[in-house]
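Next up, protein_34.cif (mmCIF, C-alpha atoms):
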```cif
data_query
#
loop_
_atom_site.label_atom_id
_atom_site.label_comp_id
_atom_site.auth_asym_id
_atom_site.auth_seq_id
_atom_site.Cartn_x
_atom_site.Cartn_y
_atom_site.Cartn_z
CA MET J 1 -8.88 61.79 53.52
CA THR J 2 -11.06 64.62 54.71
CA SER J 3 -9.53 68.08 54.83
CA LYS J 4 -9.53 67.90 58.63
CA ALA J 5 -7.52 64.67 58.59
CA VAL J 6 -5.10 66.10 56.03
CA ALA J 7 -4.54 69.18 58.19
CA MET J 8 -3.91 67.01 61.24
CA ALA J 9 -1.37 64.88 59.37
CA THR J 10 0.37 67.99 58.02
CA ARG J 11 0.72 69.51 61.47
CA ARG J 12 2.08 66.21 62.76
CA GLU J 13 4.79 66.06 60.09
CA GLN J 14 5.82 69.64 60.87
CA ALA J 15 5.96 68.91 64.59
CA VAL J 16 8.11 65.78 64.24
CA ARG J 17 10.70 67.63 62.17
CA ALA J 18 10.65 70.61 64.52
CA ALA J 19 11.01 68.42 67.63
CA VAL J 20 14.29 67.10 66.21
CA GLU J 21 15.50 70.51 65.06
CA GLN J 22 14.71 72.08 68.44
CA ARG J 23 16.33 69.15 70.27
CA LEU J 24 13.33 68.04 72.26
CA LEU J 25 14.42 64.58 71.14
CA GLY J 26 17.92 63.19 70.80
CA PRO J 27 20.45 60.73 72.23
CA ASP J 28 20.00 62.14 75.75
CA GLN J 29 16.19 62.41 75.49
CA PRO J 30 15.27 59.41 73.33
CA VAL J 31 11.49 59.56 73.76
CA VAL J 32 9.02 62.44 73.90
CA GLY J 33 5.28 63.04 73.82
CA LEU J 34 3.74 65.67 71.53
CA LEU J 35 0.26 67.20 71.70
CA ASP J 36 -1.41 69.11 68.86
CA VAL J 37 -3.03 72.13 70.53
CA ALA J 38 -5.07 73.00 67.44
CA GLY J 39 -6.41 69.45 67.33
CA ILE J 40 -7.48 69.58 70.98
CA ARG J 41 -9.22 72.92 70.49
CA SER J 42 -11.01 71.57 67.43
CA ALA J 43 -12.22 68.49 69.31
CA ALA J 44 -13.56 70.59 72.19
CA ALA J 45 -15.35 72.93 69.80
CA GLY J 46 -16.82 69.96 67.93
CA LEU J 47 -18.20 68.51 71.15
CA ARG J 48 -19.84 71.75 72.18
CA ALA J 49 -21.33 72.36 68.73
CA ALA J 50 -22.69 68.83 68.38
CA PHE J 51 -24.77 69.07 71.55
CA GLU J 52 -25.80 72.68 71.05
CA GLU J 53 -27.29 71.55 67.75
CA VAL J 54 -29.63 69.01 69.32
CA VAL J 55 -30.65 70.43 72.71
CA ALA J 56 -33.38 72.95 73.33
CA PRO J 57 -32.06 76.54 73.44
CA GLY J 58 -30.92 77.53 76.91
CA THR J 59 -30.37 73.99 78.18
CA PRO J 60 -27.47 74.02 80.68
CA ILE J 61 -24.71 71.61 79.61
CA LEU J 62 -21.48 70.85 81.45
CA HIS J 63 -18.93 68.97 79.37
CA ALA J 64 -16.66 67.56 82.09
CA PHE J 65 -13.42 66.10 80.72
CA ALA J 66 -12.50 62.73 82.24
CA VAL J 67 -9.22 63.66 83.94
CA LYS J 68 -7.96 60.06 83.98
CA ALA J 69 -7.52 60.32 80.20
CA ALA J 70 -4.84 63.02 80.55
CA ALA J 71 -3.95 63.89 84.13
CA LEU J 72 -1.83 66.88 83.12
CA VAL J 73 -2.55 70.34 84.53
CA PRO J 74 -1.76 72.33 81.34
CA VAL J 75 -4.10 70.06 79.35
CA LEU J 76 -6.89 70.58 81.87
CA ARG J 77 -6.31 74.33 81.72
CA LEU J 78 -6.43 74.33 77.91
CA LEU J 79 -9.72 72.45 77.98
CA ALA J 80 -11.08 74.80 80.64
CA ASP J 81 -10.23 77.70 78.35
CA GLU J 82 -12.31 75.89 75.72
CA GLY J 83 -15.31 75.76 78.04
CA LEU J 84 -14.92 72.30 79.57
CA GLY J 85 -14.98 71.25 83.22
CA CYS J 86 -13.51 68.13 84.83
CA GLU J 87 -14.75 64.72 85.89
CA VAL J 88 -12.50 63.41 88.66
CA ALA J 89 -12.24 60.01 90.33
CA SER J 90 -9.65 60.49 93.09
CA PRO J 91 -8.20 63.12 95.44
CA GLY J 92 -5.24 63.46 93.07
CA GLU J 93 -7.43 64.16 90.05
CA LEU J 94 -9.44 66.68 92.05
CA ALA J 95 -6.22 68.45 93.05
CA LEU J 96 -5.11 68.57 89.42
CA ALA J 97 -8.41 70.07 88.31
CA ARG J 98 -8.20 72.74 90.99
CA ALA J 99 -4.56 73.46 90.11
CA ALA J 100 -5.73 74.05 86.54
CA GLY J 101 -8.15 76.70 87.80
CA VAL J 102 -11.34 74.71 87.24
CA THR J 103 -13.98 76.03 89.62
CA PRO J 104 -15.90 73.61 91.90
CA ASP J 105 -19.18 74.19 90.06
CA ARG J 106 -17.56 72.71 86.95
CA ILE J 107 -16.20 69.56 88.62
CA VAL J 108 -17.95 66.20 89.04
CA LEU J 109 -16.67 63.53 91.44
CA ASP J 110 -17.14 59.92 90.33
CA SER J 111 -15.45 56.91 91.90
CA PRO J 112 -16.63 53.50 93.10
CA ALA J 113 -14.52 53.82 96.28
CA LYS J 114 -14.93 57.32 97.71
CA THR J 115 -13.87 57.73 101.34
CA VAL J 116 -15.81 59.75 103.87
CA ALA J 117 -13.06 62.36 103.71
CA GLU J 118 -13.43 62.66 99.91
CA LEU J 119 -17.19 63.06 100.20
CA ARG J 120 -16.87 65.66 102.94
CA GLU J 121 -14.35 67.66 100.91
CA ALA J 122 -16.61 67.60 97.85
CA LEU J 123 -19.57 68.86 99.89
CA ASP J 124 -17.47 71.56 101.53
CA LEU J 125 -16.25 72.78 98.13
CA GLY J 126 -19.60 72.52 96.36
CA ILE J 127 -18.49 69.81 93.91
CA ALA J 128 -21.11 67.59 92.32
CA VAL J 129 -21.04 63.96 93.49
CA ASN J 130 -22.46 60.84 91.89
CA ALA J 131 -22.90 58.20 94.60
CA ASP J 132 -22.05 54.69 93.46
CA ASN J 133 -24.03 52.43 95.79
CA PRO J 134 -26.43 52.23 98.76
CA GLN J 135 -23.63 52.32 101.34
CA GLU J 136 -22.28 55.53 99.84
CA LEU J 137 -25.76 57.04 99.99
CA GLU J 138 -25.83 56.22 103.71
CA ARG J 139 -22.56 58.10 104.12
CA LEU J 140 -24.08 61.06 102.31
CA ASP J 141 -27.11 60.84 104.59
CA ALA J 142 -24.85 61.42 107.56
CA LEU J 143 -22.86 64.20 105.90
CA VAL J 144 -25.89 66.04 104.51
CA GLY J 145 -28.02 65.62 107.62
CA HIS J 146 -26.48 68.45 109.64
CA ARG J 147 -26.49 70.94 106.76
CA ALA J 148 -29.32 73.35 106.06
CA ALA J 149 -29.10 72.38 102.40
CA PRO J 150 -26.56 70.34 100.46
CA PRO J 151 -24.18 72.77 98.75
CA SER J 152 -23.43 70.28 95.97
CA PRO J 153 -25.58 68.65 93.30
CA LEU J 154 -25.87 65.03 94.43
CA GLY J 155 -26.79 62.09 92.24
CA LEU J 156 -26.76 58.31 91.99
CA ARG J 157 -25.01 56.18 89.41
CA ILE J 158 -27.02 53.33 87.98
CA ASN J 159 -25.86 50.42 85.86
CA PRO J 160 -28.53 49.93 83.18
CA GLN J 161 -27.13 46.44 82.45
CA VAL J 162 -27.62 46.83 78.70
CA GLY J 163 -24.58 44.70 77.86
CA GLY J 164 -20.95 45.06 76.87
CA GLY J 165 -18.90 45.97 73.85
CA SER J 166 -15.98 44.20 72.21
CA ILE J 167 -13.53 45.05 75.03
CA ASP J 168 -14.79 43.63 78.30
CA ALA J 169 -12.54 45.81 80.47
CA MET J 170 -14.02 48.96 78.87
CA SER J 171 -17.66 47.87 79.28
CA THR J 172 -19.28 49.26 82.41
CA ALA J 173 -22.92 48.28 81.85
CA THR J 174 -22.61 44.51 81.90
CA ALA J 175 -24.66 42.34 84.25
CA THR J 176 -21.83 42.15 86.80
CA SER J 177 -20.11 45.53 86.40
CA LYS J 178 -18.57 46.94 89.58
CA PHE J 179 -20.03 50.39 88.87
CA GLY J 180 -23.33 51.79 90.10
CA VAL J 181 -26.59 50.21 91.23
CA ALA J 182 -27.42 47.22 89.02
CA LEU J 183 -30.83 48.36 87.81
CA GLN J 184 -32.14 45.00 86.60
CA ASP J 185 -31.23 43.03 89.72
CA PRO J 186 -34.28 41.90 91.73
CA GLY J 187 -35.75 44.77 93.71
CA ALA J 188 -33.13 47.28 92.56
CA ARG J 189 -35.39 49.55 90.53
CA ALA J 190 -37.92 49.88 93.34
CA TRP J 191 -35.08 50.60 95.78
CA VAL J 192 -33.77 53.40 93.56
CA VAL J 193 -37.20 55.04 93.32
CA ARG J 194 -37.59 54.80 97.09
CA ALA J 195 -34.08 56.17 97.68
CA PHE J 196 -34.95 59.32 95.75
CA ALA J 197 -38.35 59.67 97.42
CA GLU J 198 -36.63 59.58 100.82
CA ARG J 199 -33.94 62.09 99.83
CA PRO J 200 -35.27 65.30 98.28
CA TRP J 201 -31.67 66.52 97.95
CA LEU J 202 -30.85 63.70 95.50
CA THR J 203 -31.38 65.40 92.14
CA ARG J 204 -29.29 63.62 89.51
CA LEU J 205 -28.98 60.27 87.76
CA HIS J 206 -25.73 59.09 86.23
CA ALA J 207 -25.14 56.29 83.71
CA HIS J 208 -22.05 55.35 81.72
CA VAL J 209 -22.11 52.31 79.42
CA GLY J 210 -18.42 52.15 78.51
CA SER J 211 -15.91 53.48 76.05
CA GLN J 212 -13.62 51.89 73.48
CA GLY J 213 -15.30 48.95 71.78
CA CYS J 214 -18.83 50.04 72.70
CA PRO J 215 -21.10 50.84 69.74
CA LEU J 216 -23.01 54.09 69.84
CA GLU J 217 -26.34 52.28 69.87
CA LEU J 218 -25.40 50.47 73.09
CA MET J 219 -24.38 53.74 74.70
CA ALA J 220 -27.65 55.38 73.66
CA ALA J 221 -29.61 52.44 75.04
CA GLY J 222 -28.00 52.93 78.46
CA ILE J 223 -28.80 56.63 78.45
CA ARG J 224 -32.38 55.92 77.46
CA ALA J 225 -32.68 53.57 80.45
CA ALA J 226 -31.46 56.34 82.77
CA TYR J 227 -33.84 58.87 81.22
CA GLU J 228 -36.83 56.54 81.59
CA LEU J 229 -35.90 55.92 85.22
CA ALA J 230 -35.69 59.65 85.86
CA GLU J 231 -39.16 60.12 84.42
CA GLU J 232 -40.47 57.30 86.61
CA ILE J 233 -38.92 58.77 89.74
CA ASN J 234 -40.23 62.25 89.08
CA GLU J 235 -43.71 60.88 88.51
CA ALA J 236 -43.52 58.79 91.69
CA VAL J 237 -42.49 61.73 93.90
CA GLY J 238 -44.94 64.08 92.22
CA ARG J 239 -42.41 66.76 91.24
CA ARG J 240 -39.39 67.30 89.04
CA GLN J 241 -36.87 66.23 91.68
CA ILE J 242 -34.34 64.91 89.18
CA ASP J 243 -33.33 67.94 87.18
CA ALA J 244 -30.03 66.75 85.66
CA LEU J 245 -28.79 63.66 83.85
CA ASP J 246 -25.10 62.78 83.68
CA ILE J 247 -24.75 60.70 80.52
CA GLY J 248 -21.06 59.87 80.88
CA GLY J 249 -18.73 59.80 77.91
CA GLY J 250 -16.95 56.97 76.18
CA LEU J 251 -17.09 57.90 72.51
CA PRO J 252 -14.88 55.29 70.76
CA VAL J 253 -11.80 56.36 68.82
CA ASN J 254 -10.77 55.19 65.36
CA PHE J 255 -7.20 53.90 65.74
CA THR J 256 -6.83 52.83 62.10
CA SER J 257 -6.53 56.18 60.29
CA ASP J 258 -6.43 59.95 60.76
CA GLU J 259 -10.19 60.20 60.27
CA VAL J 260 -12.19 61.16 63.36
CA THR J 261 -14.98 58.63 63.42
CA PRO J 262 -17.44 58.27 65.01
CA GLY J 263 -17.92 61.96 65.69
CA TYR J 264 -19.75 63.88 68.38
CA ARG J 265 -22.35 65.07 65.91
CA GLU J 266 -23.19 61.51 64.91
CA TYR J 267 -23.61 60.56 68.56
CA ALA J 268 -25.68 63.62 69.44
CA GLN J 269 -27.99 62.99 66.48
CA LEU J 270 -28.44 59.38 67.62
CA LEU J 271 -29.41 60.59 71.08
CA ARG J 272 -31.97 62.95 69.56
CA THR J 273 -33.53 59.98 67.77
CA THR J 274 -33.25 57.49 70.64
CA VAL J 275 -33.99 59.68 73.66
CA PRO J 276 -35.69 62.87 72.42
CA GLY J 277 -36.99 63.79 75.89
CA LEU J 278 -33.43 64.00 77.16
CA LEU J 279 -32.80 67.04 75.00
CA ASP J 280 -36.04 69.01 75.27
CA GLY J 281 -34.75 71.37 77.96
CA ARG J 282 -36.28 69.76 81.04
CA TYR J 283 -32.97 68.28 82.17
CA LYS J 284 -29.55 69.82 82.65
CA LEU J 285 -26.92 67.66 80.96
CA VAL J 286 -23.46 66.55 82.02
CA THR J 287 -21.07 64.66 79.76
CA GLU J 288 -17.77 62.99 80.68
CA PHE J 289 -15.82 62.45 77.47
CA GLY J 290 -12.11 61.73 77.72
CA ARG J 291 -10.26 59.64 75.13
CA SER J 292 -12.15 61.04 72.16
CA LEU J 293 -11.12 64.61 72.99
CA LEU J 294 -7.37 63.94 73.00
CA ALA J 295 -6.35 60.65 71.42
CA LYS J 296 -5.98 61.93 67.84
CA SER J 297 -3.97 64.94 68.94
CA GLY J 298 -1.10 63.04 70.54
CA LEU J 299 1.92 61.06 69.39
CA VAL J 300 4.86 59.41 71.09
CA LEU J 301 8.12 59.96 69.22
CA ALA J 302 10.94 57.55 70.09
CA ARG J 303 14.50 56.95 68.91
CA VAL J 304 15.56 53.58 67.52
CA GLU J 305 18.53 52.62 69.67
CA TYR J 306 19.40 49.40 67.86
CA ALA J 307 18.24 47.53 64.75
CA LYS J 308 18.78 43.76 64.84
CA SER J 309 17.14 40.54 63.68
CA ALA J 310 16.11 37.23 65.20
CA GLY J 311 14.82 34.22 63.32
CA GLY J 312 14.99 36.22 60.14
CA ARG J 313 12.70 38.99 61.43
CA PRO J 314 14.03 42.57 61.78
CA ILE J 315 13.58 44.14 65.20
CA ALA J 316 13.79 47.86 65.94
CA VAL J 317 14.56 48.38 69.63
CA THR J 318 13.16 51.76 70.65
CA HIS J 319 12.60 53.73 73.85
CA ALA J 320 8.79 53.50 73.74
CA GLY J 321 7.31 50.30 75.10
CA ALA J 322 5.19 49.06 77.95
CA GLN J 323 6.12 51.98 80.18
CA LEU J 324 4.08 54.23 77.84
CA ALA J 325 1.95 51.97 75.64
CA THR J 326 0.95 49.65 78.48
CA ARG J 327 -2.42 48.62 77.09
CA THR J 328 -1.04 48.11 73.60
CA VAL J 329 1.76 45.83 74.83
CA PHE J 330 -0.39 43.70 77.11
CA ALA J 331 -3.58 43.69 75.01
CA PRO J 332 -2.40 44.30 71.41
CA ASP J 333 -5.57 43.03 69.76
CA ALA J 334 -7.76 45.46 71.70
CA TRP J 335 -5.37 48.43 71.59
CA PRO J 336 -3.36 48.38 68.33
CA LEU J 337 -1.48 51.54 67.45
CA ARG J 338 -0.42 52.95 64.11
CA VAL J 339 3.32 53.38 63.72
CA LEU J 340 5.12 55.76 61.35
CA ALA J 341 8.81 55.66 60.50
CA TYR J 342 11.07 58.73 60.28
CA ASP J 343 14.76 59.21 59.68
CA ALA J 344 17.08 60.80 62.22
CA GLU J 345 16.21 64.28 60.93
CA GLY J 346 12.49 63.75 61.46
CA ARG J 347 11.66 63.25 57.78
CA PRO J 348 9.33 60.43 56.70
CA LYS J 349 11.48 57.35 56.16
CA ALA J 350 11.67 56.40 52.49
CA GLU J 351 11.08 52.82 51.45
CA THR J 352 13.74 50.94 49.54
CA GLY J 353 13.07 49.38 46.17
CA ASP J 354 11.80 46.22 47.83
CA GLY J 355 9.03 48.13 49.63
CA PRO J 356 8.06 47.90 53.30
CA VAL J 357 9.72 45.29 55.49
CA PRO J 358 7.72 43.38 58.13
CA GLN J 359 9.44 44.06 61.46
CA ASP J 360 8.85 44.16 65.20
CA ILE J 361 8.85 47.50 67.02
CA ALA J 362 10.17 46.73 70.49
CA GLY J 363 10.36 48.80 73.65
CA PRO J 364 13.10 49.11 76.28
CA CYS J 365 11.51 46.99 79.02
CA CYS J 366 13.25 43.78 80.08
CA PHE J 367 10.61 41.24 79.14
CA ALA J 368 10.11 39.48 75.83
CA GLY J 369 6.60 40.73 75.22
CA ASP J 370 7.51 44.41 75.23
CA LEU J 371 6.44 44.98 71.61
CA VAL J 372 4.23 47.83 70.41
CA ALA J 373 3.91 46.30 66.94
CA ARG J 374 4.58 42.80 65.62
CA ASP J 375 5.55 41.92 62.06
CA ARG J 376 4.50 45.44 61.00
CA PRO J 377 5.32 46.42 57.37
CA LEU J 378 7.39 49.63 57.51
CA PRO J 379 10.42 51.11 55.79
CA GLU J 380 13.29 49.16 57.32
CA LEU J 381 14.45 50.99 60.42
CA ALA J 382 18.05 51.61 61.40
CA ALA J 383 19.74 52.83 64.59
CA GLY J 384 19.10 56.55 64.99
CA ASP J 385 15.83 56.54 63.10
CA LEU J 386 12.58 57.55 64.81
CA VAL J 387 9.21 55.88 65.24
CA ALA J 388 5.96 57.65 66.02
CA LEU J 389 3.14 55.94 67.89
CA LEU J 390 -0.02 57.71 66.76
CA ASP J 391 -3.33 58.46 68.50
CA THR J 392 -1.68 58.43 71.92
CA GLY J 393 -2.92 61.76 73.27
CA ALA J 394 -5.21 60.07 75.81
CA TYR J 395 -4.04 57.66 78.54
CA TYR J 396 -0.58 57.08 77.04
CA PHE J 397 1.00 60.23 78.50
CA SER J 398 -0.22 60.31 82.09
CA ASN J 399 -0.65 56.60 82.93
CA HIS J 400 3.05 55.75 83.01
CA PHE J 401 4.00 52.19 83.98
CA ALA J 402 7.21 52.41 86.02
CA TYR J 403 8.67 49.11 84.81
CA ASN J 404 12.49 49.02 85.07
CA SER J 405 12.28 52.46 86.71
CA LEU J 406 12.21 54.05 83.29
CA PRO J 407 11.71 57.83 83.48
CA ARG J 408 8.53 59.54 82.39
CA PRO J 409 9.21 61.40 79.13
CA GLY J 410 8.79 65.08 78.57
CA ILE J 411 5.45 66.15 77.10
CA TYR J 412 5.17 69.20 74.85
CA GLY J 413 2.23 70.88 73.19
CA PHE J 414 2.80 72.32 69.75
CA ASP J 415 1.31 74.97 67.51
CA ALA J 416 1.96 74.26 63.84
CA THR J 417 -0.63 76.61 62.39
CA GLY J 418 1.92 79.18 61.19
CA ALA J 419 5.23 79.11 59.40
CA ASP J 420 7.14 78.09 62.51
CA VAL J 421 6.33 75.31 64.96
CA ARG J 422 6.20 76.52 68.55
CA PHE J 423 6.36 74.24 71.58
CA ALA J 424 5.17 74.70 75.15
CA THR J 425 6.17 72.41 78.00
CA VAL J 426 3.36 70.32 79.47
CA ARG J 427 5.54 68.15 81.69
CA GLU J 428 9.32 68.15 82.00
CA PRO J 429 11.22 64.87 81.54
CA GLN J 430 11.59 62.96 84.78
CA THR J 431 15.15 62.84 86.09
CA VAL J 432 17.00 59.86 87.55
CA ASN J 433 17.27 61.72 90.85
CA GLU J 434 13.48 62.06 90.94
CA ILE J 435 13.11 58.33 90.34
CA VAL J 436 15.49 57.61 93.23
CA ALA J 437 13.59 59.98 95.53
CA GLU J 438 10.23 58.42 94.62
CA SER J 439 11.70 55.00 95.38
CA GLY J 440 12.33 55.77 99.04
CA ALA J 441 15.93 56.98 98.99
CA LYS J 442 15.54 59.01 102.19
CA HIS J 443 14.42 55.83 103.98
CA ALA J 444 17.32 53.73 102.65
CA LEU J 445 18.35 52.49 106.10
CA GLY J 446 14.83 51.98 107.44
CA LEU J 447 14.62 48.23 106.92
CA SER J 448 18.20 47.60 108.03
CA ARG J 449 17.44 49.19 111.39
CA LEU J 450 14.56 46.83 112.12
CA ARG J 451 15.48 44.02 114.51
#
```
Written form, structure tokens:
Amino acid sequence: MTSKAVAMATRREQAVRAAVEQRLLGPDQPVVGLLDVAGIRSAAAGLRAAFEEVVAPGTPILHAFAVKAAALVPVLRLLADEGLGCEVASPGELALARAAGVTPDRIVLDSPAKTVAELREALDLGIAVNADNPQELERLDALVGHRAAPPSPLGLRINPQVGGGSIDAMSTATATSKFGVALQDPGARAWVVRAFAERPWLTRLHAHVGSQGCPLELMAAGIRAAYELAEEINEAVGRRQIDALDIGGGLPVNFTSDEVTPGYREYAQLLRTTVPGLLDGRYKLVTEFGRSLLAKSGLVLARVEYAKSAGGRPIAVTHAGAQLATRTVFAPDAWPLRVLAYDAEGRPKAETGDGPVPQDIAGPCCFAGDLVARDRPLPELAAGDLVALLDTGAYYFSNHFAYNSLPRPGIYGFDATGADVRFATVREPQTVNEIVAESGAKHALGLSRLR
């Protein structure tokens, strides 16, 4: 392993042991999420350095973190401290970004279903907006029309239709994607050029090809299509109207080891080769990376409540299942997770003389398919042991699936760079009373009173 991967693994081992010792995890709190603060800082620094290496000196770049990947205010604040902004796709995500102290000039609003109220708020605050379709542009026409000048950078999302990756649900540049203006549809390209010519306040183009499962070459091809369209539009209107390109994010994550691959530097170098004009200083740049900034820095740590067997196969029943690892449970081939075994003290579980034992790692949800790993060779687990689901720093913590009304676990950031491991609360564990309140307790008699 590289030294970076070794350091990450070492910090993880320290954090698991410390989480047990400091009682973040135990019989009363059987599942917890942990975030490696040093890992997050390193990823953010790597992103900034990779693009600074390839762009012309002085080129403005906004790296806007995709909030959907970790909708947690302390995480957004940490990333803001590291120089990142936020890409938001709902009123809730916008509120989280603002609560984290991210200023409007460092926020980008993307969504395929923005309401008039959302658009008006963005314009009032000075937040950049990428319109998704012709109807949304018409709404912006009405909202911008009465203003002396639009206070926000306004752009249009296009779908370059360059194809999909290995995970269809993560591919946003297919022929029939719901996102953006389908550039290769009949008449679409001419309409886009005309839309910009008629709206001098429209100054950005946005393209995003996809994320997990999308090869870097496909992503670069989509960005090249957006760049070439920007050049065509600027030539058609006779001035440099488009002055910024939002190239999205979507860098895939390696879920098979601790190695960070592909890396931001590899991607940035590919862009320099594929779309050199993008980086020559004529265009401001916006990126929207999410998963790749956080995935490697997170783990879910869960207690084994029972160890049993069925049909001769051992089954470890844990407290981490579909409510946390939703994608992994329902689409295991597309979203496999690494699993590590620990004893009750948080020490790596030793194998017996017979070696690893193939076993199922099950979650607490009441359906048969709630398995985060099937027939996985691991040291045989017993009640009270712990399992760690690795690479879960993005999406797994803030996209809770409320099946069986299971509570959201506590999330804690850790610093394991010194002799002692220190933790900071990111989100407190959800209580049963909070679940009851969210489920309409104060309206308990509402239906009974209807006649």
Report as a ChimeraX atom specification all protein, DNA and RNA residues lying within 8 Å of segment 269-276 of chain J, evaluated on all atoms listed in the file, omitting residues in the same chain fewer than 6 positions from it. /J:54,216-217,220-221,223-224,227
Atom pair atom CA of Glu13 of chain J / atom CA of Ala362 of chain J: separation (Å): 22.6 Å
Write out, as a Markdown table, each residue of segment 173-272 of chain J that has an atom at most 10 Å from segment 330-337 of chain J, together with the closest pair of atoms and their distance in Å to one decimal, counting only C-alpha atoms, rows going by chain and rising number.
```
| residue | atom | partner | partner_atom | distance |
| --- | --- | --- | --- | --- |
| J:Gln212 | CA | J:Ala334 | CA | 8.9 |
| J:Gly213 | CA | J:Ala334 | CA | 8.3 |
| J:Phe255 | CA | J:Leu337 | CA | 6.4 |
| J:Thr256 | CA | J:Leu337 | CA | 7.7 |
| J:Ser257 | CA | J:Leu337 | CA | 9.9 |
```
C-alpha atoms of the current selection, written as a CSV table (one decimal), keeping the file's coordinate frame:
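Saved to result10.csv:
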```csv
chain,number,residue,atom,x,y,z
J,212,GLN,CA,-13.6,51.9,73.5
J,213,GLY,CA,-15.3,49.0,71.8
J,255,PHE,CA,-7.2,53.9,65.7
J,256,THR,CA,-6.8,52.8,62.1
J,257,SER,CA,-6.5,56.2,60.3
```
For this structure, which residues satisfy the selection - the PyMOL selection byres ((chain J and resi 89-91) around 7) - when it is evaluated on the file as given? I want them as a list in words.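 In the shown coordinates, the PyMOL selection byres ((chain J and resi 89-91) around 7) covers Glu87, Val88, Gly92, Glu93, Leu94, Ala95, Leu109, Asp110, Ser111 and Glu118 of chain J.
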Of J:Leu381, J:Ala316, J:Val116, J:Val32, the one nearest to Pro348 of chain J when counting only C-alpha atoms is J:Leu381
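Reported to one decimal place, the separation of atom CA of Ala19 of chain J from atom CA of Val75 of chain J is 19.2 Å.
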Each residue of segment 145-227 of chain J with at least one atom at most 8 Å from segment 124-130 of chain J should appear once, together with its nearest atom pair and the corresponding distance in Å (one decimal); atoms considered: only C-alpha atoms; ordering: chain, then increasing residue number; output as a tab-separated table.
```
residue	atom	partner	partner_atom	distance
J:Pro151	CA	J:Gly126	CA	5.2
J:Ser152	CA	J:Gly126	CA	4.5
J:Pro153	CA	J:Ala128	CA	4.7
J:Leu154	CA	J:Val129	CA	5.0
J:Gly155	CA	J:Asn130	CA	4.5
J:Leu156	CA	J:Asn130	CA	5.0
J:Arg157	CA	J:Asn130	CA	5.9
J:Arg204	CA	J:Asn130	CA	7.7
J:Leu205	CA	J:Asn130	CA	7.7
J:His206	CA	J:Asn130	CA	6.8
```
On this structure, the PyMOL selection byres ((chain J and resi 140) around 10) would catch which residues? List them as an mmCIF file with C-alpha atoms, keeping the file's coordinate frame, sorted by chain and number.
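Output (part00.cif):
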```
data_model
loop_
_atom_site.group_PDB
_atom_site.id
_atom_site.type_symbol
_atom_site.label_atom_id
_atom_site.label_comp_id
_atom_site.auth_asym_id
_atom_site.auth_seq_id
_atom_site.Cartn_x
_atom_site.Cartn_y
_atom_site.Cartn_z
ATOM 1 C CA VAL J 116 -15.810 59.750 103.870
ATOM 2 C CA LEU J 119 -17.190 63.060 100.200
ATOM 3 C CA ARG J 120 -16.870 65.660 102.940
ATOM 4 C CA LEU J 123 -19.570 68.860 99.890
ATOM 5 C CA VAL J 129 -21.040 63.960 93.490
ATOM 6 C CA ALA J 131 -22.900 58.200 94.600
ATOM 7 C CA PRO J 134 -26.430 52.230 98.760
ATOM 8 C CA GLN J 135 -23.630 52.320 101.340
ATOM 9 C CA GLU J 136 -22.280 55.530 99.840
ATOM 10 C CA LEU J 137 -25.760 57.040 99.990
ATOM 11 C CA GLU J 138 -25.830 56.220 103.710
ATOM 12 C CA ARG J 139 -22.560 58.100 104.120
ATOM 13 C CA ASP J 141 -27.110 60.840 104.590
ATOM 14 C CA ALA J 142 -24.850 61.420 107.560
ATOM 15 C CA LEU J 143 -22.860 64.200 105.900
ATOM 16 C CA VAL J 144 -25.890 66.040 104.510
ATOM 17 C CA GLY J 145 -28.020 65.620 107.620
ATOM 18 C CA PRO J 150 -26.560 70.340 100.460
ATOM 19 C CA LEU J 154 -25.870 65.030 94.430
ATOM 20 C CA LEU J 202 -30.850 63.700 95.500
#
```
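When the PyMOL selection byres ((chain J and resi 315) around 10) is evaluated against the file, it yields J:Val304, J:Tyr306, J:Ala307, J:Lys308, J:Ser309, J:Ala310, J:Gly312, J:Arg313, J:Pro314, J:Ala316, J:Val317, J:Thr318, J:Pro358, J:Gln359, J:Asp360, J:Ile361, J:Ala362, J:Leu371, J:Arg374, J:Asp375, J:Glu380, J:Leu381, J:Ala382.
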Output for the residues just chosen: C-alpha atoms as an mmCIF file, in the frame of the given file:
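Contents of part_17.cif, freshly written:
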```
data_model
loop_
_atom_site.group_PDB
_atom_site.id
_atom_site.type_symbol
_atom_site.label_atom_id
_atom_site.label_comp_id
_atom_site.auth_asym_id
_atom_site.auth_seq_id
_atom_site.Cartn_x
_atom_site.Cartn_y
_atom_site.Cartn_z
ATOM 1 C CA VAL J 304 15.560 53.580 67.520
ATOM 2 C CA TYR J 306 19.400 49.400 67.860
ATOM 3 C CA ALA J 307 18.240 47.530 64.750
ATOM 4 C CA LYS J 308 18.780 43.760 64.840
ATOM 5 C CA SER J 309 17.140 40.540 63.680
ATOM 6 C CA ALA J 310 16.110 37.230 65.200
ATOM 7 C CA GLY J 312 14.990 36.220 60.140
ATOM 8 C CA ARG J 313 12.700 38.990 61.430
ATOM 9 C CA PRO J 314 14.030 42.570 61.780
ATOM 10 C CA ALA J 316 13.790 47.860 65.940
ATOM 11 C CA VAL J 317 14.560 48.380 69.630
ATOM 12 C CA THR J 318 13.160 51.760 70.650
ATOM 13 C CA PRO J 358 7.720 43.380 58.130
ATOM 14 C CA GLN J 359 9.440 44.060 61.460
ATOM 15 C CA ASP J 360 8.850 44.160 65.200
ATOM 16 C CA ILE J 361 8.850 47.500 67.020
ATOM 17 C CA ALA J 362 10.170 46.730 70.490
ATOM 18 C CA LEU J 371 6.440 44.980 71.610
ATOM 19 C CA ARG J 374 4.580 42.800 65.620
ATOM 20 C CA ASP J 375 5.550 41.920 62.060
ATOM 21 C CA GLU J 380 13.290 49.160 57.320
ATOM 22 C CA LEU J 381 14.450 50.990 60.420
ATOM 23 C CA ALA J 382 18.050 51.610 61.400
#
```
